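Source file: final.cif; contents: mmCIF, C-alpha atoms; chains and numbers go by the auth columns.
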data_target
#
loop_
_atom_site.group_PDB
_atom_site.id
_atom_site.type_symbol
_atom_site.label_atom_id
_atom_site.label_comp_id
_atom_site.label_asym_id
_atom_site.label_seq_id
_atom_site.Cartn_x
_atom_site.Cartn_y
_atom_site.Cartn_z
_atom_site.B_iso_or_equiv
_atom_site.auth_seq_id
_atom_site.auth_asym_id
ATOM 1 C CA MET A 1 -25.648 44.802 48.117 0.00 1 N
ATOM 2 C CA PRO A 2 -23.373 41.920 47.078 0.00 2 N
ATOM 3 C CA VAL A 3 -22.559 39.236 49.628 0.00 3 N
ATOM 4 C CA LEU A 4 -20.061 36.378 49.831 0.00 4 N
ATOM 5 C CA VAL A 5 -17.589 38.297 47.704 0.00 5 N
ATOM 6 C CA CYS A 6 -14.669 36.419 49.156 0.00 6 N
ATOM 7 C CA ALA A 7 -11.594 34.401 48.309 0.00 7 N
ATOM 8 C CA ALA A 8 -12.667 31.247 50.106 0.00 8 N
ATOM 9 C CA PRO A 9 -9.814 28.872 50.995 0.00 9 N
ATOM 10 C CA GLU A 10 -10.151 25.157 50.442 0.00 10 N
ATOM 11 C CA PHE A 11 -11.964 23.224 53.161 0.00 11 N
ATOM 12 C CA ASP A 12 -12.641 19.508 53.116 0.00 12 N
ATOM 13 C CA PRO A 13 -14.723 18.520 56.187 0.00 13 N
ATOM 14 C CA ALA A 14 -13.809 14.881 55.613 0.00 14 N
ATOM 15 C CA SER A 15 -10.157 15.623 56.409 0.00 15 N
ATOM 16 C CA ALA A 16 -10.836 17.756 59.484 0.00 16 N
ATOM 17 C CA PRO A 17 -8.973 16.897 62.710 0.00 17 N
ATOM 18 C CA GLU A 18 -10.671 14.988 65.522 0.00 18 N
ATOM 19 C CA GLU A 19 -10.927 17.966 67.879 0.00 19 N
ATOM 20 C CA PRO A 20 -12.245 21.473 67.129 0.00 20 N
ATOM 21 C CA VAL A 21 -9.444 23.391 68.876 0.00 21 N
ATOM 22 C CA GLU A 22 -6.952 22.054 66.339 0.00 22 N
ATOM 23 C CA LEU A 23 -9.107 23.133 63.381 0.00 23 N
ATOM 24 C CA PHE A 24 -9.802 26.499 64.994 0.00 24 N
ATOM 25 C CA ILE A 25 -6.085 27.183 65.352 0.00 25 N
ATOM 26 C CA GLN A 26 -5.536 26.181 61.723 0.00 26 N
ATOM 27 C CA TRP A 27 -8.228 28.619 60.571 0.00 27 N
ATOM 28 C CA LEU A 28 -6.983 31.405 62.845 0.00 28 N
ATOM 29 C CA LEU A 29 -3.391 31.065 61.654 0.00 29 N
ATOM 30 C CA ASP A 30 -4.631 31.026 58.052 0.00 30 N
ATOM 31 C CA ALA A 31 -6.596 34.230 58.704 0.00 31 N
ATOM 32 C CA ILE A 32 -3.487 35.862 60.160 0.00 32 N
ATOM 33 C CA GLU A 33 -1.324 34.790 57.227 0.00 33 N
ATOM 34 C CA ARG A 34 -3.898 36.149 54.764 0.00 34 N
ATOM 35 C CA GLY A 35 -3.909 39.544 56.466 0.00 35 N
ATOM 36 C CA VAL A 36 -7.373 39.490 58.035 0.00 36 N
ATOM 37 C CA THR A 37 -7.797 42.574 60.215 0.00 37 N
ATOM 38 C CA GLU A 38 -8.105 41.698 63.907 0.00 38 N
ATOM 39 C CA PRO A 39 -8.853 38.005 63.307 0.00 39 N
ATOM 40 C CA HIS A 40 -8.952 37.443 67.078 0.00 40 N
ATOM 41 C CA ALA A 41 -11.971 39.739 67.485 0.00 41 N
ATOM 42 C CA MET A 42 -15.070 37.774 68.438 0.00 42 N
ATOM 43 C CA THR A 43 -18.658 38.312 69.470 0.00 43 N
ATOM 44 C CA LEU A 44 -19.334 37.174 73.024 0.00 44 N
ATOM 45 C CA SER A 45 -23.009 36.428 73.677 0.00 45 N
ATOM 46 C CA THR A 46 -24.178 36.074 77.262 0.00 46 N
ATOM 47 C CA VAL A 47 -27.577 35.682 78.910 0.00 47 N
ATOM 48 C CA SER A 48 -28.974 38.849 80.442 0.00 48 N
ATOM 49 C CA SER A 49 -31.674 39.068 83.075 0.00 49 N
ATOM 50 C CA SER A 50 -34.542 41.495 82.655 0.00 50 N
ATOM 51 C CA SER A 51 -38.126 41.924 83.752 0.00 51 N
ATOM 52 C CA GLY A 52 -39.176 40.240 80.513 0.00 52 N
ATOM 53 C CA GLY A 53 -37.076 37.150 81.231 0.00 53 N
ATOM 54 C CA PRO A 54 -33.692 35.943 79.938 0.00 54 N
ATOM 55 C CA ARG A 55 -32.537 37.425 76.651 0.00 55 N
ATOM 56 C CA PRO A 56 -29.289 37.359 74.645 0.00 56 N
ATOM 57 C CA SER A 57 -26.713 40.092 75.152 0.00 57 N
ATOM 58 C CA ALA A 58 -23.790 40.453 72.733 0.00 58 N
ATOM 59 C CA ARG A 59 -20.656 42.524 72.262 0.00 59 N
ATOM 60 C CA VAL A 60 -17.271 42.194 70.521 0.00 60 N
ATOM 61 C CA LEU A 61 -14.192 41.252 72.562 0.00 61 N
ATOM 62 C CA ILE A 62 -10.671 40.033 71.851 0.00 62 N
ATOM 63 C CA LEU A 63 -9.710 36.375 72.167 0.00 63 N
ATOM 64 C CA LYS A 64 -6.626 36.261 74.389 0.00 64 N
ATOM 65 C CA ASP A 65 -5.653 32.602 74.048 0.00 65 N
ATOM 66 C CA VAL A 66 -6.916 29.198 72.996 0.00 66 N
ATOM 67 C CA ASP A 67 -5.671 25.881 74.343 0.00 67 N
ATOM 68 C CA ALA A 68 -6.879 22.558 75.699 0.00 68 N
ATOM 69 C CA ASP A 69 -8.746 24.444 78.450 0.00 69 N
ATOM 70 C CA GLY A 70 -10.793 26.437 75.964 0.00 70 N
ATOM 71 C CA TRP A 71 -11.108 29.872 74.402 0.00 71 N
ATOM 72 C CA HIS A 72 -9.915 32.571 76.820 0.00 72 N
ATOM 73 C CA PHE A 73 -11.049 36.159 77.346 0.00 73 N
ATOM 74 C CA ALA A 74 -11.151 38.517 80.331 0.00 74 N
ATOM 75 C CA VAL A 75 -13.675 41.012 81.687 0.00 75 N
ATOM 76 C CA SER A 76 -14.358 43.133 84.724 0.00 76 N
ATOM 77 C CA SER A 77 -16.875 41.573 87.076 0.00 77 N
ATOM 78 C CA ALA A 78 -18.147 45.109 87.671 0.00 78 N
ATOM 79 C CA SER A 79 -19.252 45.411 84.029 0.00 79 N
ATOM 80 C CA LEU A 80 -22.614 44.364 82.659 0.00 80 N
ATOM 81 C CA LYS A 81 -21.147 41.341 80.891 0.00 81 N
ATOM 82 C CA GLY A 82 -19.242 40.422 84.052 0.00 82 N
ATOM 83 C CA ALA A 83 -22.464 40.454 86.059 0.00 83 N
ATOM 84 C CA GLU A 84 -24.210 38.363 83.402 0.00 84 N
ATOM 85 C CA LEU A 85 -21.422 35.784 83.439 0.00 85 N
ATOM 86 C CA ALA A 86 -21.589 35.572 87.221 0.00 86 N
ATOM 87 C CA ARG A 87 -25.316 34.795 87.033 0.00 87 N
ATOM 88 C CA ASN A 88 -25.233 32.443 84.057 0.00 88 N
ATOM 89 C CA SER A 89 -22.075 30.858 82.651 0.00 89 N
ATOM 90 C CA ALA A 90 -23.670 29.781 79.353 0.00 90 N
ATOM 91 C CA VAL A 91 -22.066 31.686 76.479 0.00 91 N
ATOM 92 C CA ALA A 92 -21.622 31.687 72.719 0.00 92 N
ATOM 93 C CA LEU A 93 -18.628 32.950 70.755 0.00 93 N
ATOM 94 C CA THR A 94 -18.766 33.920 67.089 0.00 94 N
ATOM 95 C CA PHE A 95 -15.859 34.615 64.755 0.00 95 N
ATOM 96 C CA TYR A 96 -16.577 35.970 61.269 0.00 96 N
ATOM 97 C CA TRP A 97 -13.997 36.683 58.599 0.00 97 N
ATOM 98 C CA PRO A 98 -16.007 37.888 55.570 0.00 98 N
ATOM 99 C CA CYS A 99 -12.976 38.268 53.295 0.00 99 N
ATOM 100 C CA LEU A 100 -12.390 34.525 53.722 0.00 100 N
ATOM 101 C CA GLY A 101 -16.048 33.531 53.800 0.00 101 N
ATOM 102 C CA ARG A 102 -15.525 31.827 57.130 0.00 102 N
ATOM 103 C CA GLN A 103 -17.486 31.763 60.358 0.00 103 N
ATOM 104 C CA ILE A 104 -16.947 29.799 63.577 0.00 104 N
ATOM 105 C CA ARG A 105 -19.603 29.393 66.272 0.00 105 N
ATOM 106 C CA ILE A 106 -18.746 28.111 69.747 0.00 106 N
ATOM 107 C CA ASP A 107 -21.245 27.222 72.490 0.00 107 N
ATOM 108 C CA GLY A 108 -20.305 26.261 76.027 0.00 108 N
ATOM 109 C CA LEU A 109 -19.728 27.395 79.595 0.00 109 N
ATOM 110 C CA ALA A 110 -17.395 30.187 80.718 0.00 110 N
ATOM 111 C CA VAL A 111 -15.256 28.911 83.609 0.00 111 N
ATOM 112 C CA PRO A 112 -12.997 31.279 85.622 0.00 112 N
ATOM 113 C CA ASP A 113 -9.313 30.677 84.951 0.00 113 N
ATOM 114 C CA PRO A 114 -6.747 30.229 87.744 0.00 114 N
ATOM 115 C CA ALA A 115 -5.653 33.457 89.445 0.00 115 N
ATOM 116 C CA SER A 116 -2.232 33.220 87.788 0.00 116 N
ATOM 117 C CA VAL A 117 -3.841 33.344 84.330 0.00 117 N
ATOM 118 C CA THR A 118 -5.980 36.344 85.294 0.00 118 N
ATOM 119 C CA THR A 119 -2.916 38.162 86.645 0.00 119 N
ATOM 120 C CA ALA A 120 -0.833 37.451 83.541 0.00 120 N
ATOM 121 C CA ASP A 121 -3.669 38.595 81.292 0.00 121 N
ATOM 122 C CA PHE A 122 -4.105 41.914 83.076 0.00 122 N
ATOM 123 C CA LEU A 123 -0.398 42.744 83.300 0.00 123 N
ATOM 124 C CA ALA A 124 0.072 41.989 79.589 0.00 124 N
ATOM 125 C CA ARG A 125 -2.370 44.762 78.673 0.00 125 N
ATOM 126 C CA SER A 126 -1.319 48.306 77.815 0.00 126 N
ATOM 127 C CA GLU A 127 -1.147 50.888 80.599 0.00 127 N
ATOM 128 C CA ASP A 128 -4.100 52.775 79.092 0.00 128 N
ATOM 129 C CA ALA A 129 -6.204 49.609 79.064 0.00 129 N
ATOM 130 C CA ARG A 130 -5.276 48.771 82.660 0.00 130 N
ATOM 131 C CA ALA A 131 -5.977 52.317 83.802 0.00 131 N
ATOM 132 C CA MET A 132 -9.444 52.268 82.286 0.00 132 N
ATOM 133 C CA VAL A 133 -10.237 49.017 84.101 0.00 133 N
ATOM 134 C CA LEU A 134 -8.980 50.496 87.372 0.00 134 N
ATOM 135 C CA THR A 135 -11.548 53.292 87.162 0.00 135 N
ATOM 136 C CA GLY A 136 -14.127 50.604 87.966 0.00 136 N
ATOM 137 C CA ARG A 137 -16.822 52.449 86.055 0.00 137 N
ATOM 138 C CA GLN A 138 -17.370 50.434 82.876 0.00 138 N
ATOM 139 C CA SER A 139 -20.931 50.683 81.533 0.00 139 N
ATOM 140 C CA GLN A 140 -21.913 53.292 84.142 0.00 140 N
ATOM 141 C CA PRO A 141 -23.488 56.546 82.947 0.00 141 N
ATOM 142 C CA TYR A 142 -21.702 59.886 83.168 0.00 142 N
ATOM 143 C CA THR A 143 -22.594 63.491 82.396 0.00 143 N
ATOM 144 C CA ASP A 144 -19.245 65.289 82.213 0.00 144 N
ATOM 145 C CA PRO A 145 -16.119 64.065 80.357 0.00 145 N
ATOM 146 C CA THR A 146 -13.979 65.470 83.170 0.00 146 N
ATOM 147 C CA GLU A 147 -15.259 62.598 85.321 0.00 147 N
ATOM 148 C CA ILE A 148 -13.396 60.213 83.030 0.00 148 N
ATOM 149 C CA ASP A 149 -10.309 62.435 82.922 0.00 149 N
ATOM 150 C CA GLU A 150 -10.095 62.599 86.709 0.00 150 N
ATOM 151 C CA ALA A 151 -10.683 58.871 87.197 0.00 151 N
ATOM 152 C CA LEU A 152 -8.040 57.996 84.599 0.00 152 N
ATOM 153 C CA ALA A 153 -5.526 60.400 86.123 0.00 153 N
ATOM 154 C CA LYS A 154 -5.965 58.690 89.481 0.00 154 N
ATOM 155 C CA ALA A 155 -5.706 55.231 87.888 0.00 155 N
ATOM 156 C CA HIS A 156 -2.459 56.140 86.108 0.00 156 N
ATOM 157 C CA THR A 157 -1.061 57.431 89.397 0.00 157 N
ATOM 158 C CA ASP A 158 -2.005 54.161 91.089 0.00 158 N
ATOM 159 C CA LEU A 159 -0.262 52.202 88.345 0.00 159 N
ATOM 160 C CA HIS A 160 2.830 54.391 88.640 0.00 160 N
ATOM 161 C CA HIS A 161 3.103 53.541 92.343 0.00 161 N
ATOM 162 C CA SER A 162 1.990 49.897 91.959 0.00 162 N
ATOM 163 C CA PRO A 163 2.835 48.686 88.413 0.00 163 N
ATOM 164 C CA THR A 164 1.826 45.093 89.196 0.00 164 N
ATOM 165 C CA LEU A 165 -1.565 46.094 90.578 0.00 165 N
ATOM 166 C CA VAL A 166 -4.395 43.783 89.481 0.00 166 N
ATOM 167 C CA PRO A 167 -7.957 44.725 90.511 0.00 167 N
ATOM 168 C CA ASP A 168 -10.002 42.110 92.339 0.00 168 N
ATOM 169 C CA GLU A 169 -12.827 42.450 89.831 0.00 169 N
ATOM 170 C CA TRP A 170 -10.684 41.379 86.849 0.00 170 N
ATOM 171 C CA VAL A 171 -11.536 37.836 85.756 0.00 171 N
ATOM 172 C CA SER A 172 -10.136 35.698 82.963 0.00 172 N
ATOM 173 C CA TYR A 173 -12.473 33.013 81.631 0.00 173 N
ATOM 174 C CA GLY A 174 -11.978 29.917 79.535 0.00 174 N
ATOM 175 C CA VAL A 175 -14.928 28.753 77.447 0.00 175 N
ATOM 176 C CA ARG A 176 -15.314 24.998 77.752 0.00 176 N
ATOM 177 C CA ALA A 177 -17.094 24.252 74.502 0.00 177 N
ATOM 178 C CA ASP A 178 -19.613 21.488 73.950 0.00 178 N
ATOM 179 C CA THR A 179 -20.531 22.482 70.381 0.00 179 N
ATOM 180 C CA VAL A 180 -18.347 24.110 67.721 0.00 180 N
ATOM 181 C CA GLU A 181 -19.422 24.764 64.138 0.00 181 N
ATOM 182 C CA PHE A 182 -17.159 25.707 61.226 0.00 182 N
ATOM 183 C CA TRP A 183 -18.829 27.406 58.266 0.00 183 N
ATOM 184 C CA GLN A 184 -17.224 27.926 54.863 0.00 184 N
ATOM 185 C CA ALA A 185 -19.118 30.133 52.416 0.00 185 N
ATOM 186 C CA ASP A 186 -19.900 29.235 48.821 0.00 186 N
ATOM 187 C CA PRO A 187 -21.142 31.969 46.434 0.00 187 N
ATOM 188 C CA ALA A 188 -23.506 29.344 44.964 0.00 188 N
ATOM 189 C CA ARG A 189 -24.890 28.915 48.519 0.00 189 N
ATOM 190 C CA ARG A 190 -23.584 25.368 48.823 0.00 190 N
ATOM 191 C CA HIS A 191 -21.883 26.297 52.071 0.00 191 N
ATOM 192 C CA ARG A 192 -19.797 23.723 53.893 0.00 192 N
ATOM 193 C CA ARG A 193 -20.675 23.288 57.555 0.00 193 N
ATOM 194 C CA LEU A 194 -19.011 20.992 60.041 0.00 194 N
ATOM 195 C CA ARG A 195 -20.339 20.682 63.585 0.00 195 N
ATOM 196 C CA TYR A 196 -18.363 19.188 66.470 0.00 196 N
ATOM 197 C CA GLU A 197 -20.290 17.947 69.503 0.00 197 N
ATOM 198 C CA LEU A 198 -18.791 16.812 72.789 0.00 198 N
ATOM 199 C CA HIS A 199 -20.066 13.560 74.284 0.00 199 N
ATOM 200 C CA ASP A 200 -18.473 12.695 77.638 0.00 200 N
ATOM 201 C CA SER A 201 -14.817 13.322 76.783 0.00 201 N
ATOM 202 C CA SER A 202 -14.808 12.692 73.036 0.00 202 N
ATOM 203 C CA TRP A 203 -15.885 14.726 70.008 0.00 203 N
ATOM 204 C CA SER A 204 -18.115 13.643 67.157 0.00 204 N
ATOM 205 C CA THR A 205 -18.503 15.466 63.850 0.00 205 N
ATOM 206 C CA THR A 206 -21.510 15.985 61.607 0.00 206 N
ATOM 207 C CA GLN A 207 -21.721 17.667 58.228 0.00 207 N
ATOM 208 C CA LEU A 208 -24.756 19.965 57.992 0.00 208 N
ATOM 209 C CA TRP A 209 -26.859 21.109 55.098 0.00 209 N
ATOM 210 C CA PRO A 210 -26.104 24.681 54.001 0.00 210 N
#
Once you've parsed the file, please lay out its structure as structure tokens.
Amino acid sequence: MPVLVCAAPEFDPASAPEEPVELFIQWLLDAIERGVTEPHAMTLSTVSSSSGGPRPSARVLILKDVDADGWHFAVSSASLKGAELARNSAVALTFYWPCLGRQIRIDGLAVPDPASVTTADFLARSEDARAMVLTGRQSQPYTDPTEIDEALAKAHTDLHHSPTLVPDEWVSYGVRADTVEFWQADPARRHRRLRYELHDSSWSTTQLWP
């Protein structure tokens, strides 16, 4: 099957900004302007714990914000990913926009945001999304769909009586990155890769072989 069939935008690593957040925002806004579907969808990779030792665990989430404090997302601490984050804060984020031939990889630590950020994140979500969180059952097995129906009915009732309700297990995180790599595809395989690395409080950049 064909790959790298994309309309790659121009990217000159030599003219990249000093900090990766600025370049990330440029690329994200460009993806939005070019009509990329759900450009804020990202793969969150955590470290799971099993009898065989630590192993990667990945799923797709939505980026909620990005600022000087990092890349922000929120999860339920009662979920599998929430438990993994509580045990090990090391994470990786991956954004991939195939129609633009662009990929961004972010490595760092997930740090809980202030309670005000967590509250604002939860209340900004749709009622259906909040109700599902309030069931407190994410990733748990079930045998009868009516279990979900009943739990959601109760959650919607709770929200009706307490519209500003925020569950204790809801946590917003900000990923404090120490490495960020921007990858621009080239059909001739001469991909352009720019890696940012954090040293103390300043960033350095390195161009990498394809």
(request) Tell me which of N:Thr118, N:Ser49, N:Thr143, N:Thr135 sits closest to Thr157 of chain N, counting only C-alpha atoms. (result) N:Thr135
(message) Give me the residues near Tyr173 of chain N as a list in words, where near means some atom within 7 Å (using only C-alpha atoms) and where sequence neighbours in that chain fewer than 2 positions away do not count.
(response) His72, Phe73, Ala74, Ala110, Val111, Pro112, Asp113, Val171 and Val175 of chain N
(request) Starting from the shown file, work through the PyMOL selection byres ((chain N and resi 124-129) around 12) and note down what comes out as a ChimeraX atom specification. (result) /N:62,64,74-76,117-123,130-136,138,152-153,155-160,162-166
For the residues in the current selection, export C-alpha atoms as a short mmCIF file (atom, residue, chain, number, x, y, z; two decimals), in the frame of the given file.
data_model
loop_
_atom_site.label_atom_id
_atom_site.label_comp_id
_atom_site.auth_asym_id
_atom_site.auth_seq_id
_atom_site.Cartn_x
_atom_site.Cartn_y
_atom_site.Cartn_z
CA ILE N 62 -10.67 40.03 71.85
CA LYS N 64 -6.63 36.26 74.39
CA ALA N 74 -11.15 38.52 80.33
CA VAL N 75 -13.68 41.01 81.69
CA SER N 76 -14.36 43.13 84.72
CA VAL N 117 -3.84 33.34 84.33
CA THR N 118 -5.98 36.34 85.29
CA THR N 119 -2.92 38.16 86.64
CA ALA N 120 -0.83 37.45 83.54
CA ASP N 121 -3.67 38.60 81.29
CA PHE N 122 -4.11 41.91 83.08
CA LEU N 123 -0.40 42.74 83.30
CA ARG N 130 -5.28 48.77 82.66
CA ALA N 131 -5.98 52.32 83.80
CA MET N 132 -9.44 52.27 82.29
CA VAL N 133 -10.24 49.02 84.10
CA LEU N 134 -8.98 50.50 87.37
CA THR N 135 -11.55 53.29 87.16
CA GLY N 136 -14.13 50.60 87.97
CA GLN N 138 -17.37 50.43 82.88
CA LEU N 152 -8.04 58.00 84.60
CA ALA N 153 -5.53 60.40 86.12
CA ALA N 155 -5.71 55.23 87.89
CA HIS N 156 -2.46 56.14 86.11
CA THR N 157 -1.06 57.43 89.40
CA ASP N 158 -2.00 54.16 91.09
CA LEU N 159 -0.26 52.20 88.34
CA HIS N 160 2.83 54.39 88.64
CA SER N 162 1.99 49.90 91.96
CA PRO N 163 2.84 48.69 88.41
CA THR N 164 1.83 45.09 89.20
CA LEU N 165 -1.56 46.09 90.58
CA VAL N 166 -4.39 43.78 89.48
#
(request) Please write the residues picked by the PyMOL selection byres ((chain N and resi 100-104) around 10) on this file as an MDAnalysis selection string. (result) chainID N and resid 3:9 24 27 30:31 34 36 42 93:99 105:106 180:187 191:195
(request) Can you work out which one of N:Gly70, N:Pro54, N:Pro167, N:Pro210 has the shortest atom-to-atom distance to Glu19 of chain N, counting all atoms listed in the file? (result) N:Gly70
(message) Set the distance at 10 Å and use all atoms listed in the file: which residues neighbour Ser79 of chain N once local chain neighbours fewer than 5 positions away are removed? I'd like the list as an MDAnalysis selection string.
(response) chainID N and resid 84:85 133 136:140 169:170
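Put simply, atom CA of Ala83 of chain N is 10.0 Å away from atom CA of Val47 of chain N.
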(message) Applying the PyMOL selection byres ((chain N and resi 45) around 9) to the file I just gave you, which residues come out? Please list them as an MDAnalysis selection string.
(response) chainID N and resid 43:44 46:47 56:60 81 90:94
(message) Report, in Å with one decimal, the straight-line distance from atom CA of Val66 of chain N to atom CA of Glu197 of chain N.
(response)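 Between these atoms lies a distance of 17.8 Å.
Shortest separation to Trp71 of chain N among N:Gly52, N:Pro2, N:Gly108, N:Gly35 occurs at residue N:Gly108, atoms counted being all atoms listed in the file.
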(message) Tell me which residues come within 12 Å of (-9.3, 20.0, 76.8), as a ChimeraX atom specification, counting all atoms listed in the file in the file's coordinates.
(response) /N:19-22,66-71,174-178,198,200-203
(message) Ranking N:Glu150, N:Asp144, N:Asp65, N:Glu18 by minimum distance to Ala41 of chain N and counting only C-alpha atoms, which one comes first?
(response) N:Asp65
(request) For atom CA of Phe11 of chain N and atom CA of Glu33 of chain N, determine how far apart the two atoms are, in Å to one decimal place. (result)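 Those two atoms sit 16.2 Å apart.
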Please, what is the axis-aligned box for every listed atom of segment 111-116 of chain N with 6 Å on each side, as centre and edge lengths in Å to one decimal, as JSON?
{"center_x": -8.7, "center_y": 31.2, "center_z": 86.5, "size_x": 25.0, "size_y": 16.5, "size_z": 17.8}
